[in-house]
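Novice: So here's target_12.txt, just compact mmCIF, C-alpha atoms:
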```txt
# COMPACT_ATOMS: atom_id res chain seq x y z
CA MET A 19 -56.09 -34.44 -6.69
CA LYS A 20 -55.74 -31.97 -9.53
CA PRO A 21 -52.35 -31.83 -11.32
CA THR A 22 -51.74 -28.26 -10.10
CA GLN A 23 -52.35 -29.24 -6.50
CA LEU A 24 -50.07 -32.23 -6.92
CA ILE A 25 -47.22 -30.04 -8.22
CA ILE A 26 -47.66 -27.55 -5.35
CA THR A 27 -47.65 -30.39 -2.81
CA ILE A 28 -44.48 -31.96 -4.25
CA ALA A 29 -42.75 -28.56 -4.45
CA SER A 30 -43.68 -27.80 -0.83
CA VAL A 31 -42.24 -31.10 0.35
CA PHE A 32 -38.98 -30.35 -1.48
CA ALA A 33 -38.84 -26.81 -0.09
CA VAL A 34 -39.29 -28.06 3.48
CA PHE A 35 -36.67 -30.74 2.90
CA LEU A 36 -34.13 -28.22 1.52
CA PHE A 37 -34.68 -25.56 4.23
CA PRO A 38 -32.03 -26.83 6.68
CA PHE A 39 -29.41 -26.61 3.93
CA SER A 40 -30.27 -23.07 2.78
CA ALA A 41 -28.10 -21.16 5.30
CA GLY A 42 -24.34 -21.16 4.73
CA LYS A 43 -22.04 -23.26 6.85
CA ALA A 44 -20.83 -20.05 8.43
CA ALA A 45 -24.10 -19.96 10.37
CA ASN A 46 -24.29 -23.61 11.40
CA THR A 47 -22.02 -26.55 11.97
CA THR A 48 -22.82 -30.20 11.53
CA LYS A 49 -23.08 -30.44 15.31
CA GLY A 50 -25.57 -27.56 15.55
CA GLU A 51 -25.01 -23.95 16.49
CA ASN A 52 -21.86 -22.27 15.20
CA HIS A 53 -20.75 -20.25 18.21
CA CYS A 54 -18.29 -18.21 16.13
CA PHE A 55 -21.13 -16.93 14.01
CA THR A 56 -23.59 -16.46 16.87
CA CYS A 57 -21.12 -14.37 18.84
CA HIS A 58 -19.51 -12.41 16.02
CA THR A 59 -22.92 -11.33 14.67
CA SER A 60 -24.05 -10.03 18.06
CA ALA A 61 -22.85 -6.49 18.77
CA ARG A 62 -24.03 -6.85 22.37
CA LYS A 63 -21.90 -9.94 23.00
CA LEU A 64 -18.88 -8.46 21.24
CA ILE A 65 -19.06 -5.23 23.23
CA LYS A 66 -19.17 -7.25 26.45
CA ILE A 67 -16.20 -9.40 25.45
CA THR A 68 -14.06 -6.59 24.03
CA ARG A 69 -14.61 -4.59 27.23
CA GLU A 70 -13.52 -7.63 29.19
CA ILE A 71 -10.38 -7.92 27.05
CA ALA A 72 -9.67 -4.19 27.33
CA ALA A 73 -9.96 -4.37 31.12
CA SER A 74 -7.52 -7.25 31.30
CA ASN A 75 -5.10 -5.41 29.00
CA LYS A 76 -5.36 -2.01 30.64
CA ASP A 77 -1.81 -2.13 32.01
CA LYS A 78 -0.31 -3.27 28.73
CA PRO A 79 1.18 -0.42 26.70
CA GLY A 80 -0.15 0.06 23.16
CA ALA A 81 1.90 1.83 20.52
CA SER A 82 5.16 3.43 21.54
CA PRO A 83 4.80 7.11 22.48
CA GLU A 84 8.31 7.62 21.13
CA THR A 85 7.11 7.33 17.51
CA LYS A 86 7.09 10.74 15.88
CA GLY A 87 7.12 12.36 12.49
CA GLU A 88 5.82 11.23 9.13
CA GLY A 89 7.17 8.45 7.01
CA MET B 25 -9.79 7.35 8.24
CA GLU B 26 -12.38 6.88 10.95
CA PRO B 27 -11.16 4.51 13.67
CA LEU B 28 -13.21 1.43 14.56
CA ALA B 29 -14.34 0.54 18.08
CA PRO B 30 -12.88 -2.80 19.24
CA HIS B 31 -16.16 -4.67 18.76
CA GLU B 32 -16.68 -3.14 15.31
CA LYS B 33 -13.38 -4.59 14.19
CA VAL B 34 -14.64 -8.15 14.59
CA TYR B 35 -18.38 -7.73 14.00
CA VAL B 36 -19.60 -10.07 11.25
CA ASP B 37 -22.60 -9.05 9.18
CA SER B 38 -25.12 -11.89 9.42
CA SER B 39 -25.68 -11.66 5.66
CA PHE B 40 -22.18 -13.13 5.26
CA ALA B 41 -23.87 -16.53 5.63
CA GLU B 42 -25.73 -15.77 2.41
CA ASP B 43 -22.49 -15.30 0.45
CA GLU B 44 -22.92 -18.19 -1.94
CA ASN B 45 -19.19 -18.84 -2.02
CA HIS B 46 -17.50 -17.81 1.19
CA GLY B 47 -20.58 -18.19 3.39
CA GLN B 48 -20.62 -21.87 2.57
CA LEU B 49 -17.35 -22.37 4.42
CA GLY B 50 -17.29 -22.97 8.14
CA CYS B 51 -15.38 -20.25 10.05
CA GLU B 52 -12.92 -22.85 11.31
CA GLU B 53 -12.06 -23.98 7.81
CA CYS B 54 -10.05 -20.80 7.32
CA HIS B 55 -9.45 -19.54 10.85
CA GLY B 56 -9.21 -22.69 12.96
CA GLY B 57 -10.65 -22.58 16.48
CA ASN B 58 -13.64 -24.55 17.71
CA PRO B 59 -17.09 -23.40 16.54
CA ASN B 60 -18.82 -25.91 18.83
CA ASP B 61 -17.29 -24.46 21.99
CA PRO B 62 -19.56 -21.87 23.67
CA ASN B 63 -16.67 -20.51 25.77
CA TRP B 64 -15.08 -17.74 23.70
CA LYS B 65 -11.71 -18.06 25.41
CA THR B 66 -11.19 -21.75 24.70
CA ALA B 67 -13.01 -21.56 21.37
CA HIS B 68 -10.26 -19.24 20.12
CA ASN B 69 -7.44 -21.67 20.86
CA GLY B 70 -5.49 -22.04 17.63
CA VAL B 71 -7.37 -19.28 15.82
CA VAL B 72 -5.49 -17.74 12.90
CA ARG B 73 -6.41 -14.10 12.53
CA ASP B 74 -5.28 -13.74 8.92
CA PRO B 75 -5.19 -17.15 7.24
CA SER B 76 -4.05 -15.57 3.99
CA TYR B 77 -0.66 -14.50 5.37
CA PRO B 78 1.98 -15.55 4.72
CA ASP B 79 0.76 -18.61 2.83
CA PRO B 80 -2.72 -18.33 1.31
CA SER B 81 -2.63 -21.68 -0.48
CA LYS B 82 -4.89 -23.47 2.01
CA SER B 83 -7.34 -20.59 2.48
CA CYS B 84 -7.92 -18.22 -0.46
CA GLY B 85 -5.73 -20.36 -2.68
CA ALA B 86 -7.99 -23.37 -2.30
CA CYS B 87 -10.26 -21.72 -4.89
CA HIS B 88 -8.28 -18.73 -6.17
CA ASP B 89 -5.18 -20.80 -6.90
CA ASP B 90 -4.28 -18.76 -9.98
CA ILE B 91 -3.91 -15.64 -7.82
CA ALA B 92 -2.47 -17.28 -4.72
CA GLU B 93 0.24 -18.92 -6.83
CA HIS B 94 1.99 -15.58 -7.41
CA TYR B 95 0.79 -13.66 -4.42
CA GLN B 96 3.79 -14.22 -2.17
CA LYS B 97 6.00 -12.46 -4.70
CA SER B 98 3.67 -9.49 -5.11
CA LEU B 99 5.38 -6.43 -3.71
CA HIS B 100 2.46 -5.77 -1.36
CA ALA B 101 3.05 -9.12 0.31
CA SER B 102 6.82 -9.45 0.07
CA LEU B 103 8.01 -5.83 0.36
CA SER B 104 11.14 -7.33 -1.16
CA PRO B 105 12.51 -4.01 -2.48
CA PHE B 106 13.00 -2.93 1.16
CA LYS B 107 15.29 -5.89 1.71
CA LYS B 108 17.13 -5.38 -1.56
CA MET B 109 17.72 -1.69 -0.90
CA ILE B 110 18.79 -2.16 2.70
CA ASP B 111 20.98 -5.14 1.81
CA MET B 112 22.83 -2.99 -0.71
CA ARG B 113 23.54 -0.37 1.92
CA ALA B 114 24.20 -2.79 4.78
CA THR B 115 27.56 -3.63 6.25
CA PRO B 116 28.45 -7.08 4.87
CA GLU B 117 30.13 -8.27 8.07
CA LYS B 118 27.89 -11.13 9.24
CA ALA B 119 27.34 -10.10 12.86
CA ILE B 120 26.38 -6.55 11.87
CA TYR B 121 24.38 -7.56 8.82
CA GLU B 122 22.22 -9.94 10.88
CA LYS B 123 21.33 -7.15 13.29
CA VAL B 124 20.36 -4.85 10.44
CA ASP B 125 18.34 -7.58 8.77
CA THR B 126 16.48 -8.40 11.99
CA ALA B 127 15.68 -4.72 12.49
CA ARG B 128 14.50 -4.41 8.91
CA GLU B 129 12.23 -7.42 9.31
CA PHE B 130 10.86 -6.06 12.60
CA HIS B 131 10.30 -2.48 11.45
CA CYS B 132 10.24 -2.13 7.68
CA THR B 133 8.55 -5.36 6.63
CA ALA B 134 5.77 -5.02 9.19
CA CYS B 135 3.67 -3.04 6.71
CA HIS B 136 2.98 -5.89 4.31
CA SER B 137 -0.50 -6.65 3.04
CA SER B 138 -2.29 -9.90 2.23
CA CYS B 139 -5.44 -11.16 0.50
CA GLY B 140 -7.39 -10.66 3.71
CA GLN B 141 -5.89 -7.29 4.52
CA CYS B 142 -7.18 -5.82 1.27
CA HIS B 143 -10.41 -7.70 0.61
CA ILE B 144 -11.80 -8.35 4.10
CA SER B 145 -10.18 -6.09 6.64
CA ARG B 146 -8.16 -2.95 6.95
CA PRO B 147 -4.42 -3.67 6.85
CA ASN B 148 -2.96 -4.66 10.23
CA ALA B 149 -0.46 -1.83 9.86
CA ALA B 150 -3.43 0.55 9.89
CA GLY B 151 -5.08 -1.00 12.93
CA GLY B 152 -7.02 -3.79 11.24
CA GLY B 153 -10.77 -4.38 11.59
CA PHE B 154 -13.32 -5.67 9.10
CA LEU B 155 -14.10 -3.41 6.16
CA ASP B 156 -17.76 -4.32 6.07
CA GLY B 157 -18.67 -7.03 8.54
CA HIS B 158 -16.39 -9.65 6.96
CA LEU B 159 -18.22 -9.30 3.64
CA PHE B 160 -15.63 -9.83 0.91
CA GLN B 161 -14.80 -6.69 -1.09
CA LYS B 162 -13.93 -7.55 -4.68
CA ARG B 163 -12.42 -4.08 -5.10
CA PRO B 164 -10.65 -2.88 -1.95
CA PRO B 165 -11.98 0.49 -0.80
CA VAL B 166 -9.58 3.40 -1.32
CA ARG B 167 -9.71 5.18 2.03
CA THR B 168 -9.74 2.20 4.37
CA VAL B 169 -7.28 0.04 2.45
CA CYS B 170 -5.10 1.81 -0.13
CA THR B 171 -4.55 5.12 1.61
CA ALA B 172 -4.70 3.53 5.05
CA CYS B 173 -1.08 2.60 4.29
CA HIS B 174 -0.21 5.03 1.49
CA GLY B 175 -1.30 7.97 3.59
CA SER B 176 1.33 10.59 4.20
CA ARG B 177 2.37 10.83 0.59
CA ILE B 178 -0.16 9.43 -1.88
CA GLU B 179 -3.36 10.19 0.02
CA ARG B 180 -2.37 13.76 0.75
CA GLU B 181 -1.32 14.34 -2.84
CA TYR B 182 -4.22 12.59 -4.51
CA PHE B 183 -6.98 14.09 -2.40
CA GLY B 184 -5.44 17.58 -2.33
CA LYS B 185 -4.75 17.52 1.41
CA ASN B 186 -1.41 19.31 1.16
CA LYS B 187 -1.98 22.94 2.03
CA GLY B 188 -2.59 25.14 -0.97
CA LEU B 189 -2.38 22.35 -3.52
CA PRO B 190 -5.31 20.97 -5.53
CA PRO B 191 -6.17 17.27 -5.79
CA ASP B 192 -4.96 15.10 -8.63
CA ILE B 193 -6.98 15.68 -11.80
CA HIS B 194 -7.79 11.95 -11.86
CA ARG B 195 -9.31 12.29 -8.42
CA GLN B 196 -11.52 15.06 -9.74
CA LYS B 197 -12.65 12.62 -12.41
CA TYR B 198 -13.57 10.23 -9.56
CA PHE B 199 -10.88 7.68 -10.41
CA LYS B 200 -10.29 5.11 -7.73
CA CYS B 201 -6.81 3.61 -7.27
CA SER B 202 -7.91 0.46 -9.08
CA LYS B 203 -8.68 2.42 -12.24
CA CYS B 204 -4.92 2.51 -12.92
CA HIS B 205 -3.56 -0.08 -10.50
CA LYS B 206 -5.30 -3.21 -11.75
CA ALA B 207 -5.73 -6.44 -9.83
CA ASP B 208 -3.04 -8.17 -11.90
CA GLU B 209 -0.47 -5.62 -10.79
CA MET B 210 -1.55 -5.86 -7.16
CA HIS B 211 -1.59 -9.66 -7.10
CA GLY B 212 1.85 -10.03 -8.69
CA ASP B 213 2.95 -12.11 -11.62
CA GLY B 214 5.43 -14.36 -9.84
CA LYS B 215 8.48 -12.24 -10.61
CA ASP B 216 10.54 -10.83 -7.78
CA TYR B 217 11.00 -7.27 -8.96
CA ALA B 218 13.75 -5.00 -7.67
CA ASN B 219 11.30 -2.11 -7.32
CA ARG B 220 7.76 -1.18 -8.23
CA TYR B 221 8.79 0.69 -11.36
CA GLU B 222 9.96 -2.57 -12.94
CA VAL B 223 6.60 -4.30 -12.55
CA GLU B 224 5.63 -5.18 -16.09
CA ASN B 225 1.90 -4.67 -15.73
CA GLY B 226 2.20 -1.51 -13.67
CA PRO B 227 0.30 1.53 -14.96
CA LYS B 228 1.69 3.88 -17.58
CA CYS B 229 0.22 7.27 -18.42
CA LEU B 230 0.26 6.30 -22.09
CA ASP B 231 -2.12 3.40 -21.39
CA CYS B 232 -4.89 5.99 -21.49
CA HIS B 233 -3.19 9.05 -23.00
CA GLU B 234 -2.06 7.19 -26.09
CA THR B 235 -2.88 9.99 -28.51
CA ILE B 236 -0.62 12.73 -27.13
CA TYR B 237 1.93 12.30 -29.92
CA GLU B 238 -0.58 12.30 -32.76
CA PRO B 239 -0.34 15.29 -35.10
CA LYS B 240 -3.79 16.60 -34.21
CA ALA B 241 -3.35 16.21 -30.47
CA SER B 242 -3.16 19.40 -28.46
CA ASN B 243 0.43 20.11 -27.42
CA ALA B 244 1.68 17.30 -29.71
CA LYS B 245 4.79 19.34 -30.56
CA THR B 246 5.61 19.96 -26.89
CA HIS B 247 5.16 16.28 -26.13
CA TRP B 248 7.42 15.25 -29.01
CA ILE B 249 10.16 17.70 -27.99
CA HIS B 250 10.22 16.31 -24.47
CA LYS B 251 9.64 12.65 -25.35
CA ASP B 252 12.15 10.39 -23.53
CA GLU B 253 13.76 13.50 -22.07
CA VAL B 254 11.44 14.10 -19.13
CA SER B 255 8.91 11.90 -17.34
CA CYS B 256 5.25 12.92 -17.47
CA GLN B 257 5.45 14.01 -13.80
CA VAL B 258 8.22 16.51 -14.50
CA CYS B 259 5.72 18.72 -16.32
CA HIS B 260 2.46 17.61 -14.74
CA ALA B 261 3.09 17.05 -11.01
CA LEU B 262 2.97 19.56 -8.17
CA PRO B 263 5.13 19.78 -5.01
CA TYR B 264 4.99 16.66 -2.87
CA LYS B 265 5.99 15.34 0.54
CA ASN B 266 9.58 14.36 1.34
CA CYS B 267 10.89 12.91 4.60
CA SER B 268 14.34 12.49 6.08
CA GLY B 269 16.19 11.13 9.07
CA CYS B 270 14.37 7.86 9.83
CA HIS B 271 15.48 6.12 13.02
CA VAL B 272 13.96 2.94 14.39
CA GLY B 273 14.30 1.23 17.75
CA LYS B 274 12.50 -0.14 20.80
CA ASP B 275 11.34 1.91 23.76
CA LYS B 276 11.67 0.94 27.43
CA ASN B 277 8.59 -1.29 27.14
CA GLY B 278 10.02 -3.15 24.16
CA LEU B 279 7.62 -1.46 21.75
CA LYS B 280 8.95 -0.49 18.37
CA TYR B 281 9.14 3.15 17.43
CA TYR B 282 9.77 5.04 14.23
CA LYS B 283 11.10 8.59 14.16
CA THR B 284 11.64 10.88 11.22
CA GLU B 285 13.59 14.08 11.74
CA SER B 286 11.73 16.20 9.22
CA SER B 287 9.19 16.23 6.44
CA PHE B 288 8.95 18.95 3.87
CA MET B 289 7.20 19.86 0.62
CA HIS B 290 9.38 20.06 -2.45
CA PHE B 291 9.28 19.60 -6.17
CA LYS B 292 12.62 18.44 -7.48
CA ILE B 293 13.71 17.24 -10.88
CA GLY B 294 16.72 14.96 -10.82
CA LEU B 295 18.55 12.64 -13.16
CA ASN B 296 16.77 9.35 -13.64
CA PRO B 297 18.57 6.78 -11.46
CA LEU B 298 16.63 3.86 -12.98
CA ARG B 299 16.97 4.58 -16.68
CA THR B 300 15.59 1.60 -18.59
CA GLU B 301 13.90 0.91 -21.89
CA LYS B 302 10.60 1.25 -20.10
CA ARG B 303 11.67 4.50 -18.39
CA PRO B 304 14.17 6.07 -20.76
CA GLU B 305 13.72 9.67 -19.57
CA LYS B 306 16.79 11.63 -18.58
CA PHE B 307 14.94 13.81 -16.09
CA VAL B 308 12.41 12.59 -13.54
CA THR B 309 10.82 13.86 -10.37
CA VAL B 310 12.76 12.66 -7.32
CA ARG B 311 11.58 12.31 -3.75
CA ARG B 312 13.66 12.29 -0.57
CA VAL B 313 13.17 8.97 1.20
CA PRO B 314 13.70 8.91 4.95
CA VAL B 315 16.62 6.47 5.21
CA ALA B 316 19.62 7.91 7.07
CA HIS B 317 23.16 6.82 7.90
CA GLY B 318 22.03 6.00 11.42
CA THR B 319 18.60 4.47 10.71
CA PHE B 320 19.54 1.25 12.54
CA ASP B 321 21.89 2.76 15.14
CA PHE B 322 19.69 1.47 17.95
CA TYR B 323 20.51 -2.08 16.87
CA THR B 324 24.08 -1.69 15.68
CA LYS B 325 26.51 1.11 14.98
CA ASN B 326 27.66 1.53 11.41
CA GLY B 327 25.00 -0.88 10.14
CA LEU B 328 24.80 0.86 6.76
CA SER B 329 28.45 1.26 5.87
CA ASN B 330 27.60 1.02 2.15
CA PHE B 331 25.08 3.82 2.49
CA ASP B 332 26.43 5.70 -0.52
CA LYS B 333 25.63 2.88 -2.95
CA LEU B 334 22.10 4.22 -3.45
CA PRO B 335 20.66 7.73 -3.62
CA THR B 336 18.37 9.06 -0.92
CA TRP B 337 16.45 10.99 -3.58
CA LYS B 338 14.52 8.34 -5.48
CA LEU B 339 12.60 8.25 -8.72
CA ALA B 340 9.09 9.34 -7.76
CA THR B 341 5.69 9.42 -9.38
CA PRO B 342 3.74 11.98 -7.34
CA HIS B 343 -0.02 11.49 -7.38
CA ASN B 344 -1.00 15.12 -7.82
CA ILE B 345 -1.13 15.36 -11.59
CA ARG B 346 -2.54 18.47 -13.25
CA ARG B 347 -2.82 19.30 -16.91
CA GLN B 348 -1.39 22.74 -16.17
CA THR B 349 1.17 23.40 -13.46
CA PRO B 350 3.05 26.58 -12.49
CA HIS B 351 6.16 25.29 -14.25
CA ASN B 352 4.57 24.08 -17.50
CA LYS B 353 2.56 27.22 -18.28
CA THR B 354 5.46 28.60 -20.29
CA CYS B 355 8.79 27.21 -21.53
CA ASN B 356 10.64 29.39 -19.03
CA GLY B 357 8.56 28.08 -16.18
CA CYS B 358 11.14 25.29 -16.27
CA HIS B 359 13.92 26.40 -18.65
CA GLY B 360 16.26 28.72 -16.80
CA ASN B 361 14.57 27.88 -13.47
CA PRO B 362 17.28 26.02 -11.50
CA LYS B 363 15.31 25.93 -8.26
CA LEU B 364 13.15 23.16 -9.73
CA PHE B 365 16.20 20.93 -10.08
CA LEU B 366 18.06 18.85 -7.51
CA LEU B 367 21.40 20.59 -7.25
CA GLU B 368 24.40 19.76 -5.13
CA LYS B 369 23.64 22.69 -2.85
CA ASP B 370 20.23 21.13 -2.01
CA ILE B 371 21.90 18.17 -0.35
CA LYS B 372 23.73 17.93 2.96
CA ALA B 373 27.45 17.30 2.51
CA ASP B 374 27.37 13.80 4.00
CA TYR B 375 24.67 12.75 1.52
CA THR B 376 26.30 14.16 -1.61
CA LYS B 377 28.16 11.01 -2.57
CA ALA B 378 25.05 8.85 -2.27
CA ASN B 379 23.12 11.18 -4.54
CA LYS B 380 25.76 11.68 -7.21
CA ALA B 381 23.67 9.77 -9.76
CA VAL B 382 20.60 11.98 -9.34
CA ILE B 383 22.09 15.45 -8.78
CA VAL B 384 21.71 17.60 -11.89
CA PRO B 385 25.06 19.14 -12.85
CA PRO B 386 24.94 22.82 -13.88
CA GLU B 387 25.77 22.02 -17.51
CA LEU B 388 22.62 19.91 -17.84
CA LEU B 389 20.24 22.58 -16.57
CA PRO B 390 17.96 23.68 -19.40
CA LYS B 391 18.83 27.22 -20.48
CA LYS B 392 16.32 30.03 -20.50
CA ARG B 393 14.65 30.33 -23.90
CA ALA B 394 13.89 33.42 -25.91
CA GLN B 395 10.10 33.76 -25.89
```
Using structure tokens, write down the structure from this file.
Specialist:
Amino acid sequence: MKPTQLIITIASVFAVFLFPFSAGKAANTTKGENHCFTCHTSARKLIKITREIAASNKDKPGASPETKGEG
Amino acid sequence: MEPLAPHEKVYVDSSFAEDENHGQLGCEECHGGNPNDPNWKTAHNGVVRDPSYPDPSKSCGACHDDIAEHYQKSLHASLSPFKKMIDMRATPEKAIYEKVDTAREFHCTACHSSCGQCHISRPNAAGGGFLDGHLFQKRPPVRTVCTACHGSRIEREYFGKNKGLPPDIHRQKYFKCSKCHKADEMHGDGKDYANRYEVENGPKCLDCHETIYEPKASNAKTHWIHKDEVSCQVCHALPYKNCSGCHVGKDKNGLKYYKTESSFMHFKIGLNPLRTEKRPEKFVTVRRVPVAHGTFDFYTKNGLSNFDKLPTWKLATPHNIRRQTPHNKTCNGCHGNPKLFLLEKDIKADYTKANKAVIVPPELLPKKRAQ
């Protein structure tokens, strides 16, 4: 094996070995998928959940309508 | 400020994972919760929405300990001048004082900020929501952070939103808030200041305009004549927003409300109520602040029995600075022009005593000059 080929082979092995560690911990946990990250990076899932929350809160008043004026 | 849809408020940009510093932390390390739980309802048990408030030492402070050390005393986090001012006016009797203090905490101190509410999300007081997909913003954006809270006064002045008035000249030079208000000022230095004008590393016009007194400077003579007599804003600010008659309480659903009786545009020069070595000027611009005798009447009658201990027209630094203003074009734009000054007749009778220290007596009005 030529020296150049040897270097490329060693570098490839290192790259493959390091790949699982390249993404931040925000994306993965030690136990696998980070569900916080999976859900909070999916607009589709968030829209579904926030609609669900809004529906369950629909009878709850928001800000007081009695607030008026600047300050 | 454009409102965010509910899902936009919590949408995380996937590139956050590539943030070589913050992306290396697991979500739960700052926010708690259970990242291994696929059920969003139970996964959020114990989640802390803003882990930087009130104590950032275990979140941001784990790395930024030099900033977090002082942060709780920064005025943006503590809002301590509110307490100091209201305490001075409050009735000392324990049962009444406690009601006033609870109301203050509930209403006035709700607008605090935090590390997260400047660098990651909009302030809670302005509706919250991530600024840019939870990507950390080294310099908080002006319109979604600074003026999200400082809206009715500073934003309208600075961006020229008050009818008929131009924007601040610094705005026209594309200055962002952080050009003058540096991070050190925002983060605090550990001292519990009585008000923002005492903050040692707060901005001063002379920080940049240091040559105005030099012999060759334009208007050097005018600046020398007025040095320590008037604040920069007296000559260089335009009319600004004033509010009065603030009342707070809870509606029938238990939701807090805020009401102000009126807001009006005025430009008023008063006597400097906070004359110090740092601010030695005799005359300053003063702004009507909304506090009223009955601000806390909902919670307790006569809660502010020492109301007259402080003026309701406060030292102000309007953010609508212009090199030339209608009243600095000529000497007599100001001299012999009493309507620019806060006079006793400008103040309602029941507020006169409180404002004694800032009302300009007739003998101190500058006389008209021969041109």
Novice: Quick one: everything within 6 Å of stretch 158-161 of chain B, counting all atoms listed in the file, minus sequence neighbours fewer than 3 positions away in the same chain. Send it as a VMD selection string.
Specialist: chain B and resid 36 40 143 to 144 154 164
Novice: Can you check which parts of chain A lie within 12 Å of chain B? Per residue, the shortest pair of atoms and distance in Å to one decimal, counting all atoms listed in the file, sorted by chain and number, as a Markdown table.
Specialist:
```
| residue | atom | partner | partner_atom | distance |
| --- | --- | --- | --- | --- |
| A:Phe39 | CA | B:Gln48 | CA | 10.1 |
| A:Ser40 | CA | B:Glu42 | CA | 8.6 |
| A:Ala41 | CA | B:Ala41 | CA | 6.3 |
| A:Gly42 | CA | B:Gln48 | CA | 4.4 |
| A:Lys43 | CA | B:Gln48 | CA | 4.7 |
| A:Ala44 | CA | B:Gly50 | CA | 4.6 |
| A:Ala45 | CA | B:Ala41 | CA | 5.9 |
| A:Asn46 | CA | B:Gly50 | CA | 7.7 |
| A:Thr47 | CA | B:Gly50 | CA | 7.1 |
| A:Thr48 | CA | B:Asn60 | CA | 9.4 |
| A:Lys49 | CA | B:Asn60 | CA | 7.1 |
| A:Gly50 | CA | B:Asn60 | CA | 7.7 |
| A:Glu51 | CA | B:Asn60 | CA | 6.9 |
| A:Asn52 | CA | B:Pro59 | CA | 5.1 |
| A:His53 | CA | B:Pro59 | CA | 5.1 |
| A:Cys54 | CA | B:Pro59 | CA | 5.3 |
| A:Phe55 | CA | B:Val36 | CA | 7.6 |
| A:Thr56 | CA | B:Ser38 | CA | 8.9 |
| A:Cys57 | CA | B:Trp64 | CA | 8.5 |
| A:His58 | CA | B:Tyr35 | CA | 5.2 |
| A:Thr59 | CA | B:Val36 | CA | 4.9 |
| A:Ser60 | CA | B:Tyr35 | CA | 7.3 |
| A:Ala61 | CA | B:Tyr35 | CA | 6.7 |
| A:Arg62 | CA | B:His31 | CA | 8.9 |
| A:Lys63 | CA | B:His31 | CA | 8.9 |
| A:Leu64 | CA | B:His31 | CA | 5.3 |
| A:Ile65 | CA | B:His31 | CA | 5.4 |
| A:Lys66 | CA | B:His31 | CA | 8.7 |
| A:Ile67 | CA | B:His31 | CA | 8.2 |
| A:Thr68 | CA | B:His31 | CA | 6.0 |
| A:Arg69 | CA | B:Pro30 | CA | 8.4 |
| A:Glu70 | CA | B:Pro30 | CA | 11.1 |
| A:Ile71 | CA | B:Pro30 | CA | 9.7 |
| A:Ala72 | CA | B:Pro30 | CA | 8.8 |
| A:Asp77 | CA | B:Asn277 | CA | 11.5 |
| A:Lys78 | CA | B:Asn277 | CA | 9.3 |
| A:Pro79 | CA | B:Asn277 | CA | 7.5 |
| A:Gly80 | CA | B:Leu279 | CA | 8.0 |
| A:Ala81 | CA | B:Leu279 | CA | 6.7 |
| A:Ser82 | CA | B:Leu279 | CA | 5.5 |
| A:Pro83 | CA | B:Tyr281 | CA | 7.7 |
| A:Glu84 | CA | B:Tyr281 | CA | 5.9 |
| A:Thr85 | CA | B:Tyr281 | CA | 4.6 |
| A:Lys86 | CA | B:Lys283 | CA | 4.9 |
| A:Gly87 | CA | B:Thr284 | CA | 4.9 |
| A:Glu88 | CA | B:Thr284 | CA | 6.2 |
| A:Gly89 | CA | B:Cys267 | CA | 6.3 |
```
Novice: Calculate how many Å separate atom CA of B:Glu253 from atom CA of B:Asn296, rounding to one decimal.
Specialist: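 Spanning atom CA of B:Glu253 to atom CA of B:Asn296 is a straight-line distance of 9.9 Å.
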Novice: Please compute the atom CA of B:Val223-atom CA of B:Leu103 distance, one decimal, in Å.
Specialist: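 Computing the Euclidean distance for atom CA of B:Val223 and atom CA of B:Leu103 yields 13.1 Å.
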Novice: Just the number, please: distance in Å from atom CA of B:Asp192 to atom CA of B:Ile345, one decimal.
Specialist: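 Pair atom CA of B:Asp192 / atom CA of B:Ile345 returns 4.8 Å.
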Novice: Which of these residues is nearest to B:Phe130, using only C-alpha atoms: B:Ala92, B:Pro80, B:Pro239, B:Phe320?
Specialist: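 Nearest to B:Phe130: B:Phe320.
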Novice: Give the answer as one residue: which of B:Ala394, B:Val71, B:Ile120, B:Ala207 has the shortest atom-to-atom distance to B:Lys325, using only C-alpha atoms?
Specialist: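 Ranking B:Ala394, B:Val71, B:Ile120, B:Ala207 by distance to B:Lys325, first place goes to B:Ile120.
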